[in-house]
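Trainee: Got a file for you: input-v8.pdb, PDB, C-alpha atoms and all ligand atoms.
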MODEL        1
ATOM      1  CA  MET Z1232      10.035 -24.023  -4.801
ATOM      2  CA  PHE Z1233      11.092 -20.487  -3.992
ATOM      3  CA  VAL Z1234      12.991 -18.558  -6.554
ATOM      4  CA  GLY Z1235      16.365 -16.969  -5.926
ATOM      5  CA  ASP Z1236      17.657 -15.767  -2.593
ATOM      6  CA  ILE Z1237      15.015 -16.234   0.084
ATOM      7  CA  ILE Z1238      17.126 -14.779   2.870
ATOM      8  CA  MET Z1239      16.698 -11.186   1.789
ATOM      9  CA  SER Z1240      13.172 -11.629   0.495
ATOM     10  CA  LEU Z1241      10.470 -10.172   2.677
ATOM     11  CA  LEU Z1242       7.508 -11.038   0.488
ATOM     12  CA  ILE Z1243       7.427 -13.747  -2.156
ATOM     13  CA  PHE Z1244       4.780 -14.585  -4.733
ATOM     14  CA  ASP Z1245       5.291 -18.106  -6.027
ATOM     15  CA  GLY Z1246       3.250 -18.894  -9.157
ATOM     16  CA  VAL Z1247       0.181 -16.970  -8.025
ATOM     17  CA  ASP Z1248      -3.030 -17.032 -10.055
ATOM     18  CA  TYR Z1249      -6.153 -15.149  -9.139
ATOM     19  CA  ARG Z1250      -9.425 -15.915 -10.909
ATOM     20  CA  ASN Z1251     -12.930 -14.756 -10.321
ATOM     21  CA  GLY Z1252     -15.209 -17.358 -11.851
ATOM     22  CA  GLU Z1253     -14.205 -17.639 -15.492
ATOM     23  CA  LYS Z1254     -12.220 -14.426 -15.393
ATOM     24  CA  SER Z1255      -8.454 -14.708 -15.008
ATOM     25  CA  ILE Z1256      -7.317 -11.561 -13.185
ATOM     26  CA  LEU Z1257      -3.697 -12.395 -12.262
ATOM     27  CA  LYS Z1258      -1.668 -15.049 -14.067
ATOM     28  CA  ASN Z1259       1.347 -16.906 -12.755
ATOM     29  CA  ILE Z1260       2.830 -14.080 -10.703
ATOM     30  CA  THR Z1261       6.278 -14.943  -9.364
ATOM     31  CA  LEU Z1262       7.891 -12.063  -7.553
ATOM     32  CA  GLU Z1263      10.350 -11.298  -4.774
ATOM     33  CA  ILE Z1264      10.147  -8.131  -2.742
ATOM     34  CA  HIS Z1265      13.146  -7.339  -0.601
ATOM     35  CA  LYS Z1266      13.239  -5.575   2.729
ATOM     36  CA  GLY Z1267      13.655  -1.854   2.104
ATOM     37  CA  ASP Z1268      12.386  -1.947  -1.483
ATOM     38  CA  PHE Z1269      10.374   0.999  -2.742
ATOM     39  CA  ILE Z1270       8.394  -0.432  -5.627
ATOM     40  CA  SER Z1271       6.218   1.603  -7.969
ATOM     41  CA  VAL Z1272       3.398  -0.537  -9.315
ATOM     42  CA  VAL Z1273       2.246   0.791 -12.663
ATOM     43  CA  GLY Z1274       0.275  -0.267 -15.715
ATOM     44  CA  PRO Z1275      -3.041   0.282 -17.450
ATOM     45  CA  SER Z1276      -6.370   0.397 -15.672
ATOM     46  CA  GLY Z1277      -7.720  -3.096 -15.037
ATOM     47  CA  GLY Z1278      -4.228  -4.626 -15.251
ATOM     48  CA  GLY Z1279      -4.455  -6.195 -11.775
ATOM     49  CA  LYS Z1280      -2.543  -3.719  -9.573
ATOM     50  CA  THR Z1281      -5.149  -3.396  -6.821
ATOM     51  CA  THR Z1282      -5.746  -7.152  -6.857
ATOM     52  CA  LEU Z1283      -1.993  -7.747  -6.380
ATOM     53  CA  LEU Z1284      -1.886  -5.472  -3.326
ATOM     54  CA  LYS Z1285      -5.009  -7.068  -1.847
ATOM     55  CA  LEU Z1286      -3.301 -10.448  -2.183
ATOM     56  CA  CYS Z1287      -0.160  -9.060  -0.480
ATOM     57  CA  CYS Z1288      -2.114  -8.034   2.598
ATOM     58  CA  ASN Z1289      -4.244 -11.183   2.711
ATOM     59  CA  LEU Z1290      -7.505  -9.405   1.940
ATOM     60  CA  THR Z1291      -8.105 -11.929  -0.793
ATOM     61  CA  ASN Z1292      -6.775 -15.450  -1.474
ATOM     62  CA  PRO Z1293      -4.886 -16.734  -4.501
ATOM     63  CA  THR Z1294      -6.641 -19.345  -6.621
ATOM     64  CA  LYS Z1295      -3.271 -21.033  -7.152
ATOM     65  CA  GLY Z1296       0.271 -20.619  -5.816
ATOM     66  CA  GLY Z1297       1.600 -19.272  -2.534
ATOM     67  CA  ILE Z1298       2.484 -15.985  -0.891
ATOM     68  CA  TYR Z1299       5.206 -15.928   1.774
ATOM     69  CA  PHE Z1300       6.151 -13.244   4.305
ATOM     70  CA  ASN Z1301       9.441 -13.690   6.142
ATOM     71  CA  ASN Z1302       9.657 -17.201   4.643
ATOM     72  CA  LYS Z1303       6.302 -18.288   6.071
ATOM     73  CA  SER Z1304       2.997 -18.626   4.215
ATOM     74  CA  ILE Z1305       0.913 -15.550   4.950
ATOM     75  CA  HIS Z1306      -1.939 -17.850   5.993
ATOM     76  CA  GLU Z1307       0.137 -18.999   8.957
ATOM     77  CA  TYR Z1308      -0.062 -15.541  10.521
ATOM     78  CA  ALA Z1309      -3.051 -14.410  12.575
ATOM     79  CA  ALA Z1310      -4.995 -11.957  10.381
ATOM     80  CA  THR Z1311      -4.803  -9.062  12.859
ATOM     81  CA  GLU Z1312      -1.049  -9.459  13.384
ATOM     82  CA  TYR Z1313      -0.430  -9.725   9.652
ATOM     83  CA  ARG Z1314      -2.437  -6.605   8.777
ATOM     84  CA  GLN Z1315      -0.534  -4.641  11.384
ATOM     85  CA  ARG Z1316       2.755  -5.698   9.822
ATOM     86  CA  VAL Z1317       1.590  -5.367   6.213
ATOM     87  CA  ALA Z1318      -0.732  -2.360   5.981
ATOM     88  CA  TYR Z1319      -2.854  -1.473   2.973
ATOM     89  CA  CYS Z1320      -4.146   1.986   2.170
ATOM     90  CA  PHE Z1321      -7.200   1.664  -0.097
ATOM     91  CA  GLN Z1322      -7.698   3.274  -3.496
ATOM     92  CA  THR Z1323     -10.966   4.703  -2.169
ATOM     93  CA  PRO Z1324     -10.306   5.831   1.415
ATOM     94  CA  TYR Z1325     -12.580   4.205   3.932
ATOM     95  CA  LEU Z1326     -13.236   6.135   7.133
ATOM     96  CA  PHE Z1327     -15.500   5.115   9.965
ATOM     97  CA  GLY Z1328     -16.941   6.511  13.204
ATOM     98  CA  ASP Z1329     -18.112  10.116  13.419
ATOM     99  CA  THR Z1330     -14.941  12.157  13.607
ATOM    100  CA  VAL Z1331     -11.353  12.175  12.402
ATOM    101  CA  LEU Z1332     -10.281  11.430  15.986
ATOM    102  CA  ASP Z1333     -12.457   8.260  16.024
ATOM    103  CA  ASN Z1334     -10.440   6.998  13.056
ATOM    104  CA  LEU Z1335      -7.098   7.795  14.600
ATOM    105  CA  ASN Z1336      -8.064   6.238  17.908
ATOM    106  CA  PHE Z1337      -8.825   2.934  16.178
ATOM    107  CA  PRO Z1338      -5.226   1.626  15.726
ATOM    108  CA  TYR Z1339      -4.657   2.199  19.462
ATOM    109  CA  THR Z1340      -7.933   0.522  20.460
ATOM    110  CA  ILE Z1341      -7.206  -2.670  18.496
ATOM    111  CA  ARG Z1342      -3.778  -2.875  20.142
ATOM    112  CA  GLY Z1343      -5.232  -2.220  23.605
ATOM    113  CA  LYS Z1344      -3.150   0.967  23.904
ATOM    114  CA  LYS Z1345      -3.836   4.491  25.037
ATOM    115  CA  ILE Z1346      -4.020   7.060  22.259
ATOM    116  CA  ASP Z1347      -0.700   8.884  21.743
ATOM    117  CA  MET Z1348      -1.603  12.502  21.049
ATOM    118  CA  ASN Z1349       2.066  13.450  20.599
ATOM    119  CA  ARG Z1350       2.335  11.006  17.713
ATOM    120  CA  ILE Z1351      -0.865  12.388  16.156
ATOM    121  CA  HIS Z1352       0.359  15.990  16.522
ATOM    122  CA  ALA Z1353       3.698  15.054  14.934
ATOM    123  CA  LEU Z1354       2.019  13.420  11.928
ATOM    124  CA  PHE Z1355      -0.429  16.318  11.457
ATOM    125  CA  SER Z1356       2.602  18.585  11.472
ATOM    126  CA  ASP Z1357       4.411  16.387   8.898
ATOM    127  CA  PHE Z1358       1.319  16.432   6.667
ATOM    128  CA  GLN Z1359       0.756  20.146   7.380
ATOM    129  CA  ILE Z1360      -2.824  19.513   8.470
ATOM    130  CA  ASP Z1361      -4.514  21.796  11.012
ATOM    131  CA  ILE Z1362      -4.885  19.880  14.288
ATOM    132  CA  ASN Z1363      -8.452  21.221  14.655
ATOM    133  CA  MET Z1364      -9.439  18.770  11.936
ATOM    134  CA  LEU Z1365      -9.354  16.063  14.638
ATOM    135  CA  HIS Z1366     -12.854  17.025  15.725
ATOM    136  CA  GLN Z1367     -14.295  17.407  12.254
ATOM    137  CA  SER Z1368     -16.990  15.021  11.074
ATOM    138  CA  THR Z1369     -15.648  12.542   8.513
ATOM    139  CA  THR Z1370     -18.688  13.164   6.312
ATOM    140  CA  ASN Z1371     -17.548  16.749   5.707
ATOM    141  CA  LEU Z1372     -14.007  15.951   4.617
ATOM    142  CA  SER Z1373     -12.866  16.495   1.045
ATOM    143  CA  GLY Z1374     -11.579  13.525  -0.967
ATOM    144  CA  GLY Z1375      -7.976  14.666  -0.475
ATOM    145  CA  GLU Z1376      -8.479  15.113   3.276
ATOM    146  CA  LYS Z1377      -9.970  11.630   3.528
ATOM    147  CA  GLN Z1378      -6.962  10.192   1.688
ATOM    148  CA  ARG Z1379      -4.516  11.798   4.093
ATOM    149  CA  ILE Z1380      -6.444  10.842   7.246
ATOM    150  CA  ALA Z1381      -6.643   7.231   6.026
ATOM    151  CA  LEU Z1382      -2.897   7.327   5.363
ATOM    152  CA  ILE Z1383      -2.125   8.770   8.800
ATOM    153  CA  ARG Z1384      -4.286   6.024  10.334
ATOM    154  CA  SER Z1385      -2.153   3.431   8.490
ATOM    155  CA  ILE Z1386       1.165   4.802   9.727
ATOM    156  CA  LEU Z1387       0.429   5.775  13.351
ATOM    157  CA  PHE Z1388       2.121   2.449  14.048
ATOM    158  CA  VAL Z1389       4.750   2.075  11.344
ATOM    159  CA  PRO Z1390       4.189  -1.181   9.433
ATOM    160  CA  GLU Z1391       6.967  -3.345   7.987
ATOM    161  CA  VAL Z1392       5.319  -3.157   4.573
ATOM    162  CA  LEU Z1393       3.124  -0.287   3.445
ATOM    163  CA  LEU Z1394       0.900  -0.894   0.426
ATOM    164  CA  LEU Z1395      -0.391   2.314  -1.136
ATOM    165  CA  ASP Z1396      -3.136   2.328  -3.750
ATOM    166  CA  GLU Z1397      -3.193   5.673  -5.588
ATOM    167  CA  VAL Z1398      -3.182   7.533  -2.287
ATOM    168  CA  THR Z1399      -2.460  10.942  -3.800
ATOM    169  CA  SER Z1400      -4.975  10.801  -6.665
ATOM    170  CA  ALA Z1401      -7.185  13.492  -5.075
ATOM    171  CA  LEU Z1402      -4.359  15.783  -3.914
ATOM    172  CA  ASP Z1403      -2.983  19.012  -5.331
ATOM    173  CA  LYS Z1404       0.681  19.281  -6.255
ATOM    174  CA  ASP Z1405       1.890  20.727  -2.926
ATOM    175  CA  ASN Z1406       0.088  18.143  -0.811
ATOM    176  CA  THR Z1407       1.249  15.367  -3.119
ATOM    177  CA  LEU Z1408       4.853  16.433  -2.470
ATOM    178  CA  ILE Z1409       4.229  16.514   1.292
ATOM    179  CA  VAL Z1410       2.810  12.964   1.239
ATOM    180  CA  GLU Z1411       5.640  11.745  -0.998
ATOM    181  CA  LYS Z1412       8.191  13.105   1.490
ATOM    182  CA  VAL Z1413       6.535  11.348   4.441
ATOM    183  CA  ILE Z1414       6.492   8.043   2.517
ATOM    184  CA  ASP Z1415      10.065   8.467   1.307
ATOM    185  CA  ASP Z1416      11.191   9.126   4.901
ATOM    186  CA  LEU Z1417       9.402   5.964   6.088
ATOM    187  CA  ASN Z1418      11.241   4.018   3.409
ATOM    188  CA  LEU Z1419      14.577   5.534   4.455
ATOM    189  CA  GLN Z1420      13.823   4.363   7.992
ATOM    190  CA  GLY Z1421      13.276   0.797   6.756
ATOM    191  CA  THR Z1422       9.640   0.406   5.731
ATOM    192  CA  THR Z1423       9.162  -1.527   2.509
ATOM    193  CA  ILE Z1424       6.835   0.334   0.143
ATOM    194  CA  MET Z1425       4.673  -0.809  -2.765
ATOM    195  CA  TRP Z1426       2.958   2.178  -4.310
ATOM    196  CA  ILE Z1427       0.414   1.982  -7.125
ATOM    197  CA  THR Z1428       0.407   5.145  -9.165
ATOM    198  CA  HIS Z1429      -0.738   6.386 -12.562
ATOM    199  CA  ASN Z1430       1.533   9.417 -12.146
ATOM    200  CA  GLU Z1431       4.626   8.708 -14.236
ATOM    201  CA  LEU Z1432       6.821  11.282 -12.523
ATOM    202  CA  GLN Z1433       5.824   9.942  -9.098
ATOM    203  CA  SER Z1434       6.539   6.377 -10.193
ATOM    204  CA  LYS Z1435      10.116   7.268 -11.103
ATOM    205  CA  LYS Z1436      11.011   9.779  -8.425
ATOM    206  CA  TYR Z1437      11.406   7.614  -5.330
ATOM    207  CA  ALA Z1438      11.249   3.949  -6.297
ATOM    208  CA  ASN Z1439      14.257   1.632  -6.538
ATOM    209  CA  LYS Z1440      12.199  -0.779  -8.700
ATOM    210  CA  ILE Z1441       9.256  -0.495 -11.062
ATOM    211  CA  LEU Z1442       6.732  -3.294 -11.492
ATOM    212  CA  ARG Z1443       4.529  -3.056 -14.579
ATOM    213  CA  LEU Z1444       1.393  -5.176 -14.699
ATOM    214  CA  GLU Z1445      -0.574  -5.581 -17.899
ATOM    215  CA  ASN Z1446      -3.525  -7.909 -18.437
ATOM    216  CA  GLY Z1447      -2.828  -9.656 -15.139
ATOM    217  CA  GLU Z1448       0.785 -10.462 -15.994
ATOM    218  CA  ILE Z1449       4.141  -9.002 -15.016
ATOM    219  CA  HIS Z1450       5.139  -7.068 -18.099
ATOM    220  CA  ASN Z1451       8.422  -6.133 -16.474
ATOM    221  CA  PHE Z1452      10.002  -5.727 -13.070
ATOM    222  CA  GLN Z1453      13.193  -3.747 -13.214
ATOM    223  CA  LEU Z1454      15.493  -1.402 -11.373
ATOM    224  CA  ASN Z1455      14.499   2.227 -11.634
ATOM    225  CA  THR Z1456      17.029   4.639 -13.049
ATOM    226  CA  LYS Z1457      16.253   7.771 -11.083
ATOM    227  CA  GLU Z1458      19.078   9.532 -12.936
ATOM    228  CA  ALA Z1459      16.704  10.000 -15.876
ATOM    229  CA  LEU Z1460      14.907  12.640 -13.818
ATOM    230  CA  LEU Z1461      17.955  14.693 -12.844
TER     231      LEU Z1461
HETATM  232  N1  LIG G   1     -13.861  -9.395  -7.324
HETATM  233  C1  LIG G   1     -13.783  -9.255  -8.639
HETATM  234  N2  LIG G   1     -14.665  -9.865  -9.467
HETATM  235  C2  LIG G   1     -14.576  -9.782 -10.809
HETATM  236  N3  LIG G   1     -13.636  -9.044 -11.434
HETATM  237  C3  LIG G   1     -12.771  -8.400 -10.672
HETATM  238  C4  LIG G   1     -12.774  -8.470  -9.244
HETATM  239  N4  LIG G   1     -11.773  -7.700  -8.761
HETATM  240  C5  LIG G   1     -11.162  -7.186  -9.839
HETATM  241  N5  LIG G   1     -11.745  -7.606 -10.976
HETATM  242  C6  LIG G   1     -11.320  -7.309 -12.343
HETATM  243  O1  LIG G   1      -9.944  -7.607 -12.396
HETATM  244  C7  LIG G   1      -9.253  -6.710 -13.236
HETATM  245  C8  LIG G   1      -8.128  -6.080 -12.456
HETATM  246  O2  LIG G   1      -8.690  -5.215 -11.472
HETATM  247  P1  LIG G   1      -7.790  -4.304 -10.532
HETATM  248  O3  LIG G   1      -8.707  -3.537  -9.660
HETATM  249  O4  LIG G   1      -6.777  -5.161  -9.875
HETATM  250  O5  LIG G   1      -7.080  -3.370 -11.617
HETATM  251  P2  LIG G   1      -6.127  -2.105 -11.434
HETATM  252  O6  LIG G   1      -4.867  -2.390 -12.195
HETATM  253  O7  LIG G   1      -5.997  -1.772  -9.991
HETATM  254  O8  LIG G   1      -6.927  -0.961 -12.210
HETATM  255  P3  LIG G   1      -7.039   0.634 -11.902
HETATM  256  O9  LIG G   1      -5.767   1.252 -12.377
HETATM  257  O10 LIG G   1      -8.229   1.056 -12.725
HETATM  258  O11 LIG G   1      -7.310   0.815 -10.430
HETATM  259  C9  LIG G   1     -10.299  -5.723 -13.733
HETATM  260  O12 LIG G   1     -10.708  -6.129 -15.013
HETATM  261  C10 LIG G   1     -11.425  -5.850 -12.725
HETATM  262  O13 LIG G   1     -12.669  -5.556 -13.324
HETATM  263 MG    MG G   2      -6.680  -0.214  -8.831
ENDMDL
END
Translate this file's structure into structure tokens.
Ligand SMILES: Nc1ncnc2c1ncn2[C@@H]1O[C@H](COP(=O)(O)OP(=O)(O)OP(=O)(O)O)[C@@H](O)[C@H]1O
Ligand SMILES: [Mg+2]

Mentor:
Amino acid sequence: MFVGDIIMSLLIFDGVDYRNGEKSILKNITLEIHKGDFISVVGPSGGGKTTLLKLCCNLTNPTKGGIYFNNKSIHEYAATEYRQRVAYCFQTPYLFGDTVLDNLNFPYTIRGKKIDMNRIHALFSDFQIDINMLHQSTTNLSGGEKQRIALIRSILFVPEVLLLDEVTSALDKDNTLIVEKVIDDLNLQGTTIMWITHNELQSKKYANKILRLENGEIHNFQLNTKEALL
């Protein structure tokens, strides 16, 4: 059975376990994520944060229990449709093709659409990235540049849920603030965010809720009191 109010819940974990062989990685995760939530996912290394996000976007399957999106099991959605609605930005950015432009063309290609250069220019402007980077080889990009290009690729088409796995870990302070603003604006426009971070300030600055995972279990899931930062 579902827990609580399913009408407002966008994503539900119902008694989810994830094991790899003998190793229990996530244990009995029951969780409701509401439309418009901005959730910081925190906790010690190895606690299961990345695994939780991979389950959310159907990159991996639970060993037990169910995951529901808009009140329907995520397995009932076609994989391509689901990943467009629930997008995941990897902990280690993964770029492909030769150039930055190849990467940004990809979301249009899979949707059978023509590339929208105005959208790309607008996002480069938001991220304060020089537009000439479009023609740069991906092999020459810095770690921080790769992170931002992978993020731009994920939001060219705005997803309903955006799952972010330490996407500012390689960025300096100024660029971190720029990325945070873009993500916060997406949330204000209705995108539900789950953001894994080891940065305590970042975890408290924007989120309405904080989810702490330890040893594969929910240690706590509570409202964030942003006032503490003021
Ligand atoms: N496919 C797998 N096979 C075996 N063990 C795995 C697998 N995936 C994850 N694990 C283990 O599960 C645990 C949780 O991993 P996970 O990557 O979810 O942690 P995390 O909270 O994201 O950690 P970090 O903060 O270091 O990124 C770790 O002990 C990891 O070694
Ligand atoms: Mg991780």

Trainee: Mind dumping a table of every chain Z residue within 8 Å of ligand MG 2 (chain G), with the nearest atom pair and its distance in Å to one decimal, using all atoms listed in the file, sorted by chain and rising number, as CSV?

Mentor:
residue,atom,partner,partner_atom,distance
Z:Ser1276,CA,G:MG2,MG,6.9
Z:Gly1277,CA,G:MG2,MG,6.9
Z:Gly1279,CA,G:MG2,MG,7.0
Z:Lys1280,CA,G:MG2,MG,5.5
Z:Thr1281,CA,G:MG2,MG,4.1
Z:Thr1282,CA,G:MG2,MG,7.3
Z:Gln1322,CA,G:MG2,MG,6.5
Z:Asp1396,CA,G:MG2,MG,6.7
Z:Glu1397,CA,G:MG2,MG,7.6
Z:Ile1427,CA,G:MG2,MG,7.6

Trainee: Once the PyMOL selection byres (((not hetatm)) within 12 of (chain G and resi 1)) has been evaluated on this model, what residues remain selected, and can you format them as a PyMOL selection string?

Mentor: chain Z and resi 1248-1258+1272-1286+1290-1293+1321-1323+1395-1398+1400+1426-1430+1442-1449

Trainee: The PyMOL selection byres (((chain Z and resi 1439) around 12) and not hetatm) on the file shown: which residues, as a PDB file with C-alpha atoms, in the coordinates of the input?

Mentor:
ATOM      1  CA  ILE Z1264      10.147  -8.131  -2.742  1.00  0.00           C
ATOM      2  CA  HIS Z1265      13.146  -7.339  -0.601  1.00  0.00           C
ATOM      3  CA  LYS Z1266      13.239  -5.575   2.729  1.00  0.00           C
ATOM      4  CA  GLY Z1267      13.655  -1.854   2.104  1.00  0.00           C
ATOM      5  CA  ASP Z1268      12.386  -1.947  -1.483  1.00  0.00           C
ATOM      6  CA  PHE Z1269      10.374   0.999  -2.742  1.00  0.00           C
ATOM      7  CA  ILE Z1270       8.394  -0.432  -5.627  1.00  0.00           C
ATOM      8  CA  SER Z1271       6.218   1.603  -7.969  1.00  0.00           C
ATOM      9  CA  VAL Z1272       3.398  -0.537  -9.315  1.00  0.00           C
ATOM     10  CA  ASP Z1415      10.065   8.467   1.307  1.00  0.00           C
ATOM     11  CA  ASN Z1418      11.241   4.018   3.409  1.00  0.00           C
ATOM     12  CA  LEU Z1419      14.577   5.534   4.455  1.00  0.00           C
ATOM     13  CA  THR Z1423       9.162  -1.527   2.509  1.00  0.00           C
ATOM     14  CA  ILE Z1424       6.835   0.334   0.143  1.00  0.00           C
ATOM     15  CA  MET Z1425       4.673  -0.809  -2.765  1.00  0.00           C
ATOM     16  CA  TRP Z1426       2.958   2.178  -4.310  1.00  0.00           C
ATOM     17  CA  SER Z1434       6.539   6.377 -10.193  1.00  0.00           C
ATOM     18  CA  LYS Z1435      10.116   7.268 -11.103  1.00  0.00           C
ATOM     19  CA  LYS Z1436      11.011   9.779  -8.425  1.00  0.00           C
ATOM     20  CA  TYR Z1437      11.406   7.614  -5.330  1.00  0.00           C
ATOM     21  CA  ALA Z1438      11.249   3.949  -6.297  1.00  0.00           C
ATOM     22  CA  LYS Z1440      12.199  -0.779  -8.700  1.00  0.00           C
ATOM     23  CA  ILE Z1441       9.256  -0.495 -11.062  1.00  0.00           C
ATOM     24  CA  LEU Z1442       6.732  -3.294 -11.492  1.00  0.00           C
ATOM     25  CA  PHE Z1452      10.002  -5.727 -13.070  1.00  0.00           C
ATOM     26  CA  GLN Z1453      13.193  -3.747 -13.214  1.00  0.00           C
ATOM     27  CA  LEU Z1454      15.493  -1.402 -11.373  1.00  0.00           C
ATOM     28  CA  ASN Z1455      14.499   2.227 -11.634  1.00  0.00           C
ATOM     29  CA  THR Z1456      17.029   4.639 -13.049  1.00  0.00           C
ATOM     30  CA  LYS Z1457      16.253   7.771 -11.083  1.00  0.00           C
ATOM     31  CA  GLU Z1458      19.078   9.532 -12.936  1.00  0.00           C
TER      32      GLU Z1458
END

Trainee: Using all atoms listed in the file, determine which residues lie at most 6 Å from range 1363-1375 of chain Z, disregarding the query and same-chain residues fewer than 3 positions distant; provide the list as a list in words.

Mentor: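 Contacts, in chain order: Asp1329, Thr1330, Val1331, Leu1332, Gln1378, Ala1401 and Leu1402 of chain Z.
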
Trainee: Find, counting all atoms listed in the file, the residue in Z:Ala1309, Z:Leu1382, Z:Cys1287, Z:Ile1260 that gets nearest to Leu1242 in chain Z.

Mentor: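 Of the candidates, the smallest distance to Leu1242 in chain Z is held by Z:Cys1287.
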
Trainee: Hey, can you check how far CA of Leu1241 in chain Z sits from CA of Asn1301 in chain Z?

Mentor: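 Separating CA of Leu1241 in chain Z from CA of Asn1301 in chain Z is a distance of 5.0 Å.
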
Trainee: On this structure, which residues satisfy the PyMOL selection byres (((chain Z and resi 1389) around 9) and not hetatm), written as a list in words?

Mentor: Gln1315, Arg1316, Ala1318, Ser1385, Ile1386, Leu1387, Phe1388, Pro1390, Glu1391, Val1392, Leu1393, Leu1417 and Thr1422 of chain Z

Trainee: Please report the interatomic distance between CA of Ile1409 in chain Z and CA of Phe1358 in chain Z in Å with one decimal.

Mentor: 6.1 Å

Trainee: Distance CA of Leu1354 in chain Z-CA of Ile1383 in chain Z, one decimal place?

Mentor: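 CA of Ile1383 in chain Z lies 7.0 Å from CA of Leu1354 in chain Z.
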
Trainee: Identify, on the basis of all atoms listed in the file, every residue whose closest approach to range 1403-1407 of chain Z does not exceed 10 Å; exclude the query and any residue fewer than 6 positions from it along the same chain; express the result as a ChimeraX atom specification.

Mentor: /Z:1358-1360,1375-1376,1379,1433

Trainee: Identify which of the residues Z:Tyr1325, Z:His1450, Z:Glu1411, Z:Ile1351 lies closest to Leu1262 in chain Z, counting only C-alpha atoms when measuring atom-to-atom distances.

Mentor: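 The shortest atom-to-atom distance to Leu1262 in chain Z comes from Z:His1450.
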